[in-house]
>>> print(open('entry-v9.cif').read())   # mmCIF, C-alpha atoms and all ligand atoms
data_query
#
loop_
_atom_site.label_atom_id
_atom_site.label_comp_id
_atom_site.auth_asym_id
_atom_site.auth_seq_id
_atom_site.Cartn_x
_atom_site.Cartn_y
_atom_site.Cartn_z
CA MET A 281 -14.25 15.30 -16.18
CA LYS A 282 -12.13 15.79 -13.04
CA LYS A 283 -8.39 15.43 -13.47
CA ILE A 284 -6.58 13.70 -10.60
CA VAL A 285 -3.01 12.62 -9.92
CA VAL A 286 -2.30 9.25 -8.39
CA THR A 287 1.23 8.89 -7.04
CA GLY A 288 2.60 5.36 -6.65
CA GLY A 289 -0.05 4.04 -9.03
CA ALA A 290 2.22 1.32 -10.43
CA GLY A 291 2.34 -0.46 -7.08
CA PHE A 292 -0.06 -3.00 -5.62
CA ILE A 293 -2.89 -0.89 -4.17
CA GLY A 294 -2.36 2.08 -6.52
CA SER A 295 -2.69 -0.03 -9.69
CA ASN A 296 -5.81 -1.75 -8.29
CA PHE A 297 -7.20 1.71 -7.49
CA ILE A 298 -6.59 3.01 -11.03
CA ARG A 299 -8.16 -0.13 -12.54
CA TYR A 300 -11.24 0.29 -10.37
CA VAL A 301 -11.64 4.02 -11.10
CA LEU A 302 -11.13 3.68 -14.88
CA ASN A 303 -13.76 0.90 -14.94
CA ASN A 304 -16.28 2.59 -12.69
CA ARG A 305 -15.94 6.39 -12.78
CA GLU A 306 -15.30 9.34 -15.05
CA TYR A 307 -11.91 10.68 -13.96
CA SER A 308 -8.88 11.59 -15.97
CA ILE A 309 -5.90 10.04 -14.14
CA ILE A 310 -2.22 10.90 -14.30
CA ASN A 311 -0.08 8.31 -12.56
CA ILE A 312 3.28 9.51 -11.23
CA ASP A 313 5.49 6.63 -10.19
CA GLN A 314 9.21 6.06 -9.91
CA LEU A 315 8.78 2.37 -10.88
CA LEU A 316 10.82 1.32 -7.92
CA LEU A 317 10.99 -2.36 -6.92
CA SER A 318 7.32 -3.06 -6.13
CA GLY A 319 6.12 -0.59 -8.77
CA SER A 320 6.08 -2.41 -12.07
CA SER A 321 5.19 -1.36 -15.61
CA GLU A 322 3.54 -4.82 -15.79
CA ASN A 323 0.90 -3.60 -13.30
CA ILE A 324 -0.17 -0.69 -15.50
CA ARG A 325 0.38 -2.00 -19.04
CA GLU A 326 -3.35 -2.59 -19.60
CA PHE A 327 -4.21 1.10 -18.99
CA SER A 328 -1.74 2.49 -21.54
CA LYS A 329 -4.33 2.75 -24.33
CA ASN A 330 -7.07 4.22 -22.12
CA ARG A 331 -7.59 7.85 -23.15
CA ASN A 332 -8.41 8.81 -19.54
CA TYR A 333 -5.01 7.63 -18.32
CA ARG A 334 -1.46 8.91 -18.58
CA PHE A 335 1.80 7.73 -16.98
CA VAL A 336 4.62 10.05 -15.92
CA LYS A 337 7.79 8.57 -14.50
CA GLY A 338 8.79 10.68 -11.52
CA ASP A 339 9.96 10.79 -7.96
CA ILE A 340 7.98 12.48 -5.17
CA ARG A 341 11.25 13.17 -3.36
CA ASP A 342 12.16 15.57 -6.18
CA PHE A 343 10.43 18.86 -5.41
CA ASP A 344 11.63 20.59 -8.60
CA PHE A 345 10.19 17.80 -10.73
CA LEU A 346 6.86 18.06 -8.89
CA LEU A 347 6.74 21.84 -9.18
CA LYS A 348 7.45 21.78 -12.93
CA PHE A 349 4.88 19.02 -13.43
CA PHE A 350 2.12 20.88 -11.59
CA GLN A 351 2.98 24.20 -13.28
CA ARG A 352 2.65 22.50 -16.66
CA GLU A 353 -0.56 20.56 -15.92
CA LYS A 354 -3.63 22.72 -15.49
CA LYS A 355 -6.77 22.16 -13.43
CA ILE A 356 -5.76 19.18 -11.32
CA PHE A 357 -8.48 18.61 -8.77
CA GLY A 358 -6.70 16.34 -6.34
CA VAL A 359 -3.82 14.03 -5.51
CA ILE A 360 -4.03 10.59 -3.93
CA ASN A 361 -0.66 9.52 -2.58
CA PHE A 362 0.04 5.78 -2.65
CA ALA A 363 3.76 6.30 -3.29
CA ALA A 364 5.77 4.84 -0.45
CA GLN A 365 8.50 2.53 0.58
CA SER A 366 6.18 -0.14 1.91
CA HIS A 367 8.07 -3.17 3.20
CA VAL A 368 8.75 -3.31 6.96
CA ASP A 369 11.70 -5.70 6.60
CA ARG A 370 13.48 -3.36 4.19
CA SER A 371 12.78 -0.40 6.50
CA ILE A 372 14.78 -2.16 9.22
CA ILE A 373 17.83 -2.48 6.96
CA PHE A 374 17.57 0.81 5.04
CA PRO A 375 15.50 3.26 7.10
CA LYS A 376 16.72 6.34 5.23
CA ASP A 377 14.92 5.32 2.01
CA PHE A 378 11.71 5.21 4.06
CA MET A 379 12.22 8.60 5.69
CA ASP A 380 13.02 10.18 2.31
CA THR A 381 9.96 8.96 0.42
CA ASN A 382 7.41 8.47 3.18
CA ILE A 383 8.10 11.75 5.00
CA LEU A 384 9.91 14.15 2.66
CA GLY A 385 7.95 12.96 -0.40
CA VAL A 386 4.68 13.71 1.41
CA PHE A 387 6.03 17.06 2.61
CA ASN A 388 6.81 17.94 -1.05
CA LEU A 389 3.25 17.09 -2.12
CA LEU A 390 1.85 19.19 0.74
CA GLU A 391 4.01 22.12 -0.33
CA ILE A 392 2.60 21.84 -3.87
CA LEU A 393 -0.90 21.79 -2.35
CA ARG A 394 -0.05 24.86 -0.24
CA ARG A 395 0.96 26.70 -3.43
CA GLY A 396 -2.54 26.13 -4.80
CA PHE A 397 -1.76 23.74 -7.67
CA PHE A 398 -4.55 21.36 -6.65
CA LYS A 399 -7.42 21.34 -4.15
CA ARG A 400 -7.72 18.04 -2.30
CA PHE A 401 -5.07 15.67 -0.94
CA LEU A 402 -5.61 12.10 0.22
CA GLN A 403 -2.70 10.53 2.08
CA ILE A 404 -2.76 6.72 2.15
CA SER A 405 -1.63 5.57 5.57
CA THR A 406 -1.70 2.34 7.53
CA ASP A 407 -3.04 0.72 10.71
CA GLU A 408 0.60 0.19 11.71
CA VAL A 409 0.82 3.81 12.92
CA TYR A 410 -1.15 2.82 16.06
CA GLY A 411 1.45 0.27 17.14
CA ASP A 412 0.36 -3.18 18.26
CA LEU A 413 -1.92 -4.98 20.69
CA LYS A 414 -1.48 -8.01 22.92
CA ILE A 415 -2.60 -11.25 21.25
CA ASP A 416 -5.57 -11.68 23.62
CA SER A 417 -6.57 -7.99 23.60
CA LYS A 418 -10.14 -7.17 22.57
CA GLU A 419 -9.21 -3.52 21.92
CA LYS A 420 -9.61 -1.97 18.47
CA PHE A 421 -7.80 1.17 17.36
CA LYS A 422 -9.96 4.19 16.62
CA GLU A 423 -8.92 7.18 14.51
CA ASP A 424 -8.12 9.18 17.67
CA SER A 425 -6.10 6.40 19.35
CA PRO A 426 -2.53 7.49 20.13
CA LEU A 427 0.07 6.90 17.43
CA LYS A 428 2.73 4.47 18.73
CA PRO A 429 4.57 3.14 15.68
CA ASN A 430 7.26 0.52 16.25
CA SER A 431 9.17 0.18 12.98
CA PRO A 432 11.01 2.69 10.78
CA TYR A 433 8.26 2.04 8.19
CA SER A 434 5.33 2.73 10.52
CA SER A 435 7.05 5.69 12.17
CA SER A 436 7.67 7.27 8.75
CA LYS A 437 3.97 6.80 7.90
CA ALA A 438 2.87 8.22 11.28
CA SER A 439 5.12 11.24 10.71
CA ALA A 440 3.50 11.88 7.33
CA ASP A 441 0.04 11.66 8.93
CA LEU A 442 0.97 14.23 11.56
CA ILE A 443 2.52 16.61 9.03
CA SER A 444 -0.55 16.28 6.77
CA LEU A 445 -2.93 17.04 9.66
CA SER A 446 -0.81 20.02 10.70
CA TYR A 447 -1.04 21.39 7.14
CA HIS A 448 -4.81 21.07 7.29
CA LYS A 449 -4.95 22.99 10.58
CA THR A 450 -2.29 25.60 9.87
CA TYR A 451 -3.10 26.43 6.25
CA ASP A 452 -6.76 25.31 6.16
CA LEU A 453 -6.02 22.86 3.35
CA ASP A 454 -8.37 20.11 2.19
CA ILE A 455 -6.64 16.96 3.40
CA VAL A 456 -7.96 13.51 4.28
CA ILE A 457 -6.19 10.34 5.43
CA THR A 458 -7.06 6.64 5.19
CA ARG A 459 -5.51 4.01 7.46
CA SER A 460 -6.17 0.51 6.24
CA SER A 461 -5.24 -2.89 7.54
CA ASN A 462 -3.18 -5.44 5.54
CA ASN A 463 -4.34 -5.77 1.95
CA PHE A 464 -4.27 -8.84 -0.26
CA GLY A 465 -5.21 -9.51 -3.87
CA PRO A 466 -3.68 -9.49 -7.37
CA TYR A 467 -0.56 -7.50 -8.33
CA GLN A 468 1.07 -7.56 -4.88
CA PHE A 469 4.84 -7.69 -5.07
CA PRO A 470 6.00 -11.22 -4.15
CA GLU A 471 8.02 -10.20 -1.11
CA LYS A 472 4.83 -9.81 0.99
CA LEU A 473 3.42 -12.72 3.02
CA ILE A 474 0.50 -13.93 0.86
CA PRO A 475 2.14 -13.86 -2.62
CA LEU A 476 5.43 -15.09 -1.15
CA THR A 477 3.68 -18.07 0.45
CA ILE A 478 1.79 -18.92 -2.76
CA LEU A 479 4.91 -18.75 -4.91
CA LYS A 480 7.11 -20.72 -2.52
CA ALA A 481 4.39 -23.36 -2.13
CA LEU A 482 3.97 -23.69 -5.91
CA LYS A 483 7.73 -24.34 -6.17
CA ASN A 484 7.66 -26.70 -3.13
CA GLU A 485 10.13 -24.40 -1.36
CA LYS A 486 10.31 -23.74 2.37
CA ILE A 487 7.91 -21.03 3.56
CA PRO A 488 9.50 -18.82 6.23
CA ILE A 489 7.35 -17.71 9.18
CA TYR A 490 8.64 -15.25 11.74
CA GLY A 491 8.80 -16.30 15.42
CA ASP A 492 5.93 -18.51 16.56
CA GLY A 493 3.62 -17.43 13.71
CA LYS A 494 0.93 -16.25 16.12
CA ASN A 495 1.10 -12.58 15.05
CA VAL A 496 -2.36 -11.44 13.97
CA ARG A 497 -3.19 -9.30 10.93
CA ASP A 498 -6.60 -8.08 9.77
CA TRP A 499 -6.77 -9.06 6.07
CA LEU A 500 -8.66 -6.75 3.75
CA TYR A 501 -9.34 -7.54 0.08
CA VAL A 502 -7.70 -4.82 -2.00
CA GLU A 503 -10.87 -3.99 -3.97
CA ASP A 504 -12.74 -3.22 -0.74
CA ASN A 505 -9.89 -0.90 0.22
CA VAL A 506 -9.88 0.94 -3.14
CA ARG A 507 -13.67 1.38 -2.97
CA ALA A 508 -13.26 2.86 0.51
CA ILE A 509 -10.38 5.11 -0.62
CA LEU A 510 -12.45 6.47 -3.50
CA ASN A 511 -15.36 7.07 -1.12
CA VAL A 512 -13.10 9.02 1.27
CA PHE A 513 -11.61 11.00 -1.61
CA GLU A 514 -15.08 11.95 -2.89
CA ASN A 515 -16.97 12.34 0.38
CA GLY A 516 -14.57 12.37 3.36
CA LYS A 517 -14.68 15.36 5.71
CA ARG A 518 -11.75 17.80 5.40
CA GLY A 519 -9.08 17.12 8.03
CA SER A 520 -10.49 13.66 8.85
CA VAL A 521 -8.86 10.28 9.24
CA TYR A 522 -10.74 7.08 8.28
CA ASN A 523 -9.82 3.56 9.38
CA ILE A 524 -10.49 0.81 6.84
CA GLY A 525 -10.40 -2.68 8.30
CA ALA A 526 -12.03 -6.02 7.61
CA ASP A 527 -12.75 -7.42 11.13
CA ASN A 528 -10.86 -10.43 9.93
CA GLY A 529 -7.95 -11.08 12.31
CA ILE A 530 -5.99 -14.22 11.43
CA SER A 531 -2.61 -15.42 12.66
CA ASN A 532 0.18 -15.65 10.10
CA LEU A 533 0.46 -19.38 10.77
CA ASP A 534 -3.25 -20.05 10.19
CA LEU A 535 -3.15 -17.95 7.04
CA VAL A 536 -0.21 -19.88 5.60
CA LYS A 537 -1.92 -23.19 6.49
CA MET A 538 -5.07 -22.01 4.67
CA ILE A 539 -3.06 -21.20 1.53
CA LEU A 540 -1.33 -24.59 1.68
CA LYS A 541 -4.73 -26.29 1.97
CA ILE A 542 -6.06 -24.39 -1.07
CA LEU A 543 -2.98 -25.47 -3.03
CA LYS A 544 -3.16 -29.03 -1.62
CA LYS A 545 0.41 -28.74 -0.34
CA ASP A 546 1.91 -30.24 2.79
CA GLU A 547 2.34 -28.18 5.98
CA CYS A 548 5.89 -29.52 6.27
CA LEU A 549 6.90 -26.71 3.89
CA ILE A 550 6.48 -24.30 6.83
CA THR A 551 9.72 -23.29 8.50
CA PHE A 552 9.92 -21.02 11.54
CA VAL A 553 12.66 -18.38 11.33
CA LYS A 554 14.13 -15.87 13.81
CA ASP A 555 11.55 -13.21 14.62
CA ARG A 556 11.69 -9.74 13.04
CA PRO A 557 13.01 -7.14 15.53
CA SER A 558 10.15 -5.32 17.27
CA HIS A 559 7.62 -7.44 15.37
CA ASP A 560 4.10 -6.08 16.01
CA ARG A 561 1.98 -8.79 17.63
CA LYS A 562 -1.50 -7.81 16.56
CA TYR A 563 -3.38 -5.06 14.72
CA SER A 564 -7.09 -4.48 15.00
CA LEU A 565 -9.11 -1.54 13.67
CA ASP A 566 -12.43 -0.02 14.59
CA SER A 567 -13.88 0.97 11.20
CA SER A 568 -17.24 2.21 12.47
CA LYS A 569 -16.53 5.82 11.43
CA ILE A 570 -16.29 5.14 7.69
CA LYS A 571 -19.36 2.88 7.88
CA ARG A 572 -21.38 5.48 9.78
CA GLU A 573 -20.25 8.70 8.06
CA LEU A 574 -19.63 7.51 4.50
CA LYS A 575 -21.91 4.42 4.41
CA HIS A 576 -18.94 2.27 3.37
CA LYS A 577 -19.50 -1.49 3.39
CA ASN A 578 -16.97 -4.17 2.51
CA ILE A 579 -18.50 -6.52 -0.06
CA PHE A 580 -15.89 -9.28 -0.33
CA LYS A 581 -15.71 -12.36 1.90
CA PHE A 582 -12.28 -13.47 3.05
CA TYR A 583 -12.04 -17.14 2.06
CA PRO A 584 -13.45 -16.91 -1.50
CA THR A 585 -11.21 -13.90 -2.26
CA LEU A 586 -8.17 -15.68 -0.79
CA LYS A 587 -8.93 -18.62 -3.12
CA LYS A 588 -9.37 -16.19 -6.04
CA THR A 589 -6.03 -14.57 -5.16
CA VAL A 590 -4.26 -17.94 -5.06
CA GLU A 591 -5.75 -18.74 -8.50
CA TRP A 592 -4.62 -15.35 -9.84
CA TYR A 593 -0.99 -16.00 -8.87
CA LYS A 594 -1.15 -19.51 -10.34
CA GLU A 595 -2.48 -18.14 -13.62
CA ASN A 596 -0.12 -15.16 -13.68
CA ILE A 597 3.23 -16.76 -13.02
CA LYS A 598 4.47 -14.82 -16.08
CA TRP A 599 3.56 -11.53 -14.35
CA VAL A 600 5.52 -12.64 -11.29
CA GLU A 601 8.54 -13.63 -13.38
CA LYS A 602 8.42 -10.38 -15.37
CA CYS A 603 8.09 -8.09 -12.38
CA ILE A 604 10.78 -9.92 -10.47
CA ASP A 605 13.01 -9.85 -13.53
CA GLU A 606 12.34 -6.18 -14.21
CA ASP A 607 12.70 -4.99 -10.66
CA PHE A 608 14.97 -7.42 -8.94
CA LYS A 609 17.54 -7.14 -11.70
CA LYS A 610 17.34 -3.38 -11.95
CA TYR A 611 17.05 -2.44 -8.31
CA TYR A 612 17.01 -5.25 -5.82
CA ILE A 613 20.08 -7.13 -6.93
CA LYS A 614 22.16 -4.16 -8.10
CA ASN A 615 21.22 -1.73 -5.36
CA TYR A 616 19.88 -3.55 -2.34
CA LYS A 617 22.33 -6.44 -2.34
CA GLU A 618 25.33 -4.25 -3.06
CA ARG A 619 24.37 -2.11 -0.12
CA LEU A 620 23.90 -5.18 2.05
CA ASP A 621 27.42 -6.31 1.10
CA GLU A 622 28.74 -2.84 1.92
CA LYS A 623 27.17 -3.12 5.36
CA ASN A 624 28.60 -6.57 6.11
N1 LIG B 701 -0.08 -3.25 1.20
C1 LIG B 701 -0.72 -3.08 2.34
O1 LIG B 701 -1.18 -4.06 2.94
C2 LIG B 701 -0.91 -1.72 2.93
C3 LIG B 701 -1.70 -1.59 4.08
C4 LIG B 701 -1.92 -0.32 4.60
C5 LIG B 701 -1.38 0.78 3.98
N2 LIG B 701 -0.59 0.64 2.86
C6 LIG B 701 -0.07 1.86 2.23
O2 LIG B 701 -0.63 1.91 0.93
C7 LIG B 701 0.29 2.53 0.03
C8 LIG B 701 0.51 1.63 -1.16
O3 LIG B 701 1.01 0.37 -0.68
P1 LIG B 701 1.35 -0.81 -1.68
O4 LIG B 701 1.24 -2.06 -0.92
O5 LIG B 701 0.61 -0.63 -2.94
O6 LIG B 701 2.88 -0.50 -1.92
P2 LIG B 701 3.81 -0.87 -3.16
O7 LIG B 701 5.16 -0.96 -2.59
O8 LIG B 701 3.25 -2.03 -3.91
O9 LIG B 701 3.69 0.42 -4.11
C9 LIG B 701 4.32 1.63 -3.82
C10 LIG B 701 4.50 2.38 -5.13
O10 LIG B 701 5.15 3.63 -4.84
C11 LIG B 701 6.15 3.85 -5.81
N3 LIG B 701 7.18 4.72 -5.21
C12 LIG B 701 8.02 4.43 -4.17
N4 LIG B 701 8.81 5.48 -3.91
C13 LIG B 701 8.46 6.46 -4.79
C14 LIG B 701 8.90 7.78 -5.00
N5 LIG B 701 9.85 8.32 -4.24
N6 LIG B 701 8.30 8.51 -5.97
C15 LIG B 701 7.34 7.97 -6.76
N7 LIG B 701 6.88 6.72 -6.61
C16 LIG B 701 7.43 5.97 -5.63
C17 LIG B 701 6.69 2.46 -6.14
O11 LIG B 701 7.35 2.45 -7.40
C18 LIG B 701 5.39 1.66 -6.14
O12 LIG B 701 4.78 1.69 -7.40
C19 LIG B 701 1.55 2.81 0.84
O13 LIG B 701 1.53 4.15 1.23
C20 LIG B 701 1.43 1.90 2.05
O14 LIG B 701 2.08 2.49 3.16
C21 LIG B 701 -0.35 -0.58 2.32
#
>>> encode(input="entry-v9.cif", output="structure tokens")
Amino acid sequence: MKKIVVTGGAGFIGSNFIRYVLNNREYSIINIDQLLLSGSSENIREFSKNRNYRFVKGDIRDFDFLLKFFQREKKIFGVINFAAQSHVDRSIIFPKDFMDTNILGVFNLLEILRRGFFKRFLQISTDEVYGDLKIDSKEKFKEDSPLKPNSPYSSSKASADLISLSYHKTYDLDIVITRSSNNFGPYQFPEKLIPLTILKALKNEKIPIYGDGKNVRDWLYVEDNVRAILNVFENGKRGSVYNIGADNGISNLDLVKMILKILKKDECLITFVKDRPSHDRKYSLDSSKIKRELKHKNIFKFYPTLKKTVEWYKENIKWVEKCIDEDFKKYYIKNYKERLDEKN
């Protein structure tokens, strides 16, 4: 049985990935996560008794920790790096956190790879590295489109992509990258648009929408993304990048209206707020490479999975309360707010 390390596996996509792999494949998984804000022990509780799974609390920014860990563990085949600071809004207020984890953390993992402690590295990236498109543009970003990131978040992810590709070229290391569009589904931290909208609507609270709400995102169901990620990890060509999109561009406003309709709530809950600085207008991916080379096919339809996601949050209000309690109290309120006060 192959032993792999998943970093950031207590977060949204990482925990969905681990769930999928434990249910569908024979891998032994070690999950390294710092349990920071969006990474919650609630997301991984169900795996704790699985004999193919182990959790290690750790920080990818800490090279000494990583080195000791990999020296101790033998025969690790590969690492899939989901660990990241992932929220664009926070990256605008505290960019350093993003540079530290999203660039230096990846650099640390690459240095461990270069020392021969494992064989294959998959870096999880994002469509945001390509920058944005005009609302009426028909263009789709391909894997070789120029990288033109606009936020501290997306620029930190683009930097990690470039460093990873340079390590492949310079040291002939086995590295692959996936760039997916916006994911949705269960276990997403409730600061992101879809869970935030559902939770605010359930409480009949105002739902904030940036600017005019016309910004377009291509929504991908998380299980389609984790199937694609596993496919790239198992079959992707060394040194290659793979886009993973859903061909499902929807404006933020239309998306929020859809959620309100599913919940039978009034659109008057919508409130337009001042736009995010440098807010990307539209993302759109050309995913033909992964379809052609790796025979990947998305299997989930948007509307039924959006309805399923809304139901999941309704039925798992306790999860929301616990992960907000756990994380907001420990990190968000103590750390983030204190630092905001310092700034003001
Ligand atoms: N969510 C999306 O729509 C989306 C789309 C495209 C790409 N991505 C990328 O996918 C990856 C996962 O995204 P997500 O939405 O699951 O994010 P998330 O914020 O839910 O999870 C990130 C995880 O990383 C952990 N982490 C953060 N810093 C760490 C550190 N220094 N050391 C160890 N662990 C650390 C957190 O505790 C958390 O468990 C990220 O790299 C993100 O850039 C996300």
>>> residues_near_ligand(input="entry-v9.cif", ligand="ligand LIG 701 (chain B)", cutoff="7 Å", atoms="all atoms listed in the file", output="ChimeraX atom specification")
/A:287-294,312-320,338-341,361-367,381,385,404-407,437,459-464,468-469
>>> atom_distance(input="entry-v9.cif", atom1="atom CA of Phe582 of chain A", atom2="atom CA of Ile550 of chain A")
22.0 Å
>>> atom_distance(input="entry-v9.cif", atom1="atom CA of Asp412 of chain A", atom2="atom CA of Thr458 of chain A")
18.0 Å
>>> atom_distance(input="entry-v9.cif", atom1="atom CA of Val359 of chain A", atom2="atom CA of Leu402 of chain A")
6.3 Å
>>> residues_around(input="entry-v9.cif", residues="segment 486-503 of chain A", least_positions_apart="5", cutoff="7 Å", atoms="all atoms listed in the file", output="ChimeraX atom specification")
/A:293,461-465,477,480,525-533,549-556,561-564,580
>>> decode(input="entry-v9.cif", residues="segment 490-498 of chain A", atoms="all heavy atoms", output="JSON list (two decimals), in the first residue's frame")
[["chain", "number", "residue", "atom", "x", "y", "z"],
["A", 490, "TYR", "N", -20.31, 41.97, -3.01],
["A", 490, "TYR", "CA", -19.37, 43.01, -3.44],
["A", 490, "TYR", "C", -19.81, 43.70, -4.73],
["A", 490, "TYR", "O", -20.24, 43.02, -5.68],
["A", 490, "TYR", "CB", -17.99, 42.40, -3.70],
["A", 490, "TYR", "CG", -17.18, 42.11, -2.46],
["A", 490, "TYR", "CD1", -16.56, 40.88, -2.30],
["A", 490, "TYR", "CD2", -16.99, 43.07, -1.48],
["A", 490, "TYR", "CE1", -15.79, 40.61, -1.19],
["A", 490, "TYR", "CE2", -16.22, 42.82, -0.36],
["A", 490, "TYR", "CZ", -15.63, 41.58, -0.21],
["A", 490, "TYR", "OH", -14.86, 41.32, 0.88],
["A", 491, "GLY", "N", -19.65, 45.03, -4.77],
["A", 491, "GLY", "CA", -19.85, 45.81, -6.01],
["A", 491, "GLY", "C", -21.24, 45.63, -6.59],
["A", 491, "GLY", "O", -22.24, 45.71, -5.89],
["A", 492, "ASP", "N", -21.26, 45.33, -7.92],
["A", 492, "ASP", "CA", -22.57, 45.16, -8.58],
["A", 492, "ASP", "C", -23.01, 43.69, -8.62],
["A", 492, "ASP", "O", -24.07, 43.36, -9.18],
["A", 492, "ASP", "CB", -22.54, 45.74, -10.00],
["A", 492, "ASP", "CG", -21.46, 45.10, -10.87],
["A", 492, "ASP", "OD1", -20.88, 44.06, -10.45],
["A", 492, "ASP", "OD2", -21.21, 45.60, -11.99],
["A", 493, "GLY", "N", -22.16, 42.81, -8.10],
["A", 493, "GLY", "CA", -22.53, 41.38, -8.04],
["A", 493, "GLY", "C", -22.40, 40.65, -9.36],
["A", 493, "GLY", "O", -22.79, 39.49, -9.48],
["A", 494, "LYS", "N", -21.84, 41.34, -10.38],
["A", 494, "LYS", "CA", -21.80, 40.70, -11.71],
["A", 494, "LYS", "C", -20.54, 39.86, -11.92],
["A", 494, "LYS", "O", -20.38, 39.26, -12.99],
["A", 494, "LYS", "CB", -21.92, 41.77, -12.80],
["A", 494, "LYS", "CG", -23.32, 42.35, -12.85],
["A", 494, "LYS", "CD", -23.50, 43.28, -14.02],
["A", 494, "LYS", "CE", -24.91, 43.86, -13.99],
["A", 494, "LYS", "NZ", -24.97, 45.17, -14.63],
["A", 495, "ASN", "N", -19.63, 39.85, -10.94],
["A", 495, "ASN", "CA", -18.40, 39.07, -11.09],
["A", 495, "ASN", "C", -18.74, 37.59, -11.29],
["A", 495, "ASN", "O", -19.58, 37.05, -10.59],
["A", 495, "ASN", "CB", -17.52, 39.23, -9.85],
["A", 495, "ASN", "CG", -17.19, 40.68, -9.59],
["A", 495, "ASN", "OD1", -18.07, 41.53, -9.61],
["A", 495, "ASN", "ND2", -15.93, 40.97, -9.37],
["A", 496, "VAL", "N", -18.04, 36.99, -12.26],
["A", 496, "VAL", "CA", -18.38, 35.61, -12.64],
["A", 496, "VAL", "C", -17.34, 34.62, -12.13],
["A", 496, "VAL", "O", -16.13, 34.84, -12.28],
["A", 496, "VAL", "CB", -18.49, 35.49, -14.19],
["A", 496, "VAL", "CG1", -18.63, 34.04, -14.62],
["A", 496, "VAL", "CG2", -19.68, 36.31, -14.68],
["A", 497, "ARG", "N", -17.82, 33.53, -11.53],
["A", 497, "ARG", "CA", -16.96, 32.44, -11.08],
["A", 497, "ARG", "C", -17.46, 31.14, -11.70],
["A", 497, "ARG", "O", -18.66, 30.98, -11.93],
["A", 497, "ARG", "CB", -16.97, 32.31, -9.53],
["A", 497, "ARG", "CG", -16.52, 33.58, -8.81],
["A", 497, "ARG", "CD", -15.03, 33.82, -9.04],
["A", 497, "ARG", "NE", -14.52, 35.01, -8.38],
["A", 497, "ARG", "CZ", -14.33, 36.20, -8.97],
["A", 497, "ARG", "NH1", -14.66, 36.37, -10.24],
["A", 497, "ARG", "NH2", -13.81, 37.21, -8.30],
["A", 498, "ASP", "N", -16.53, 30.22, -11.91],
["A", 498, "ASP", "CA", -16.86, 28.93, -12.55],
["A", 498, "ASP", "C", -16.94, 27.88, -11.44],
["A", 498, "ASP", "O", -15.91, 27.41, -10.95],
["A", 498, "ASP", "CB", -15.74, 28.61, -13.56],
["A", 498, "ASP", "CG", -15.90, 27.25, -14.18],
["A", 498, "ASP", "OD1", -17.00, 26.67, -14.11],
["A", 498, "ASP", "OD2", -14.90, 26.74, -14.74]]
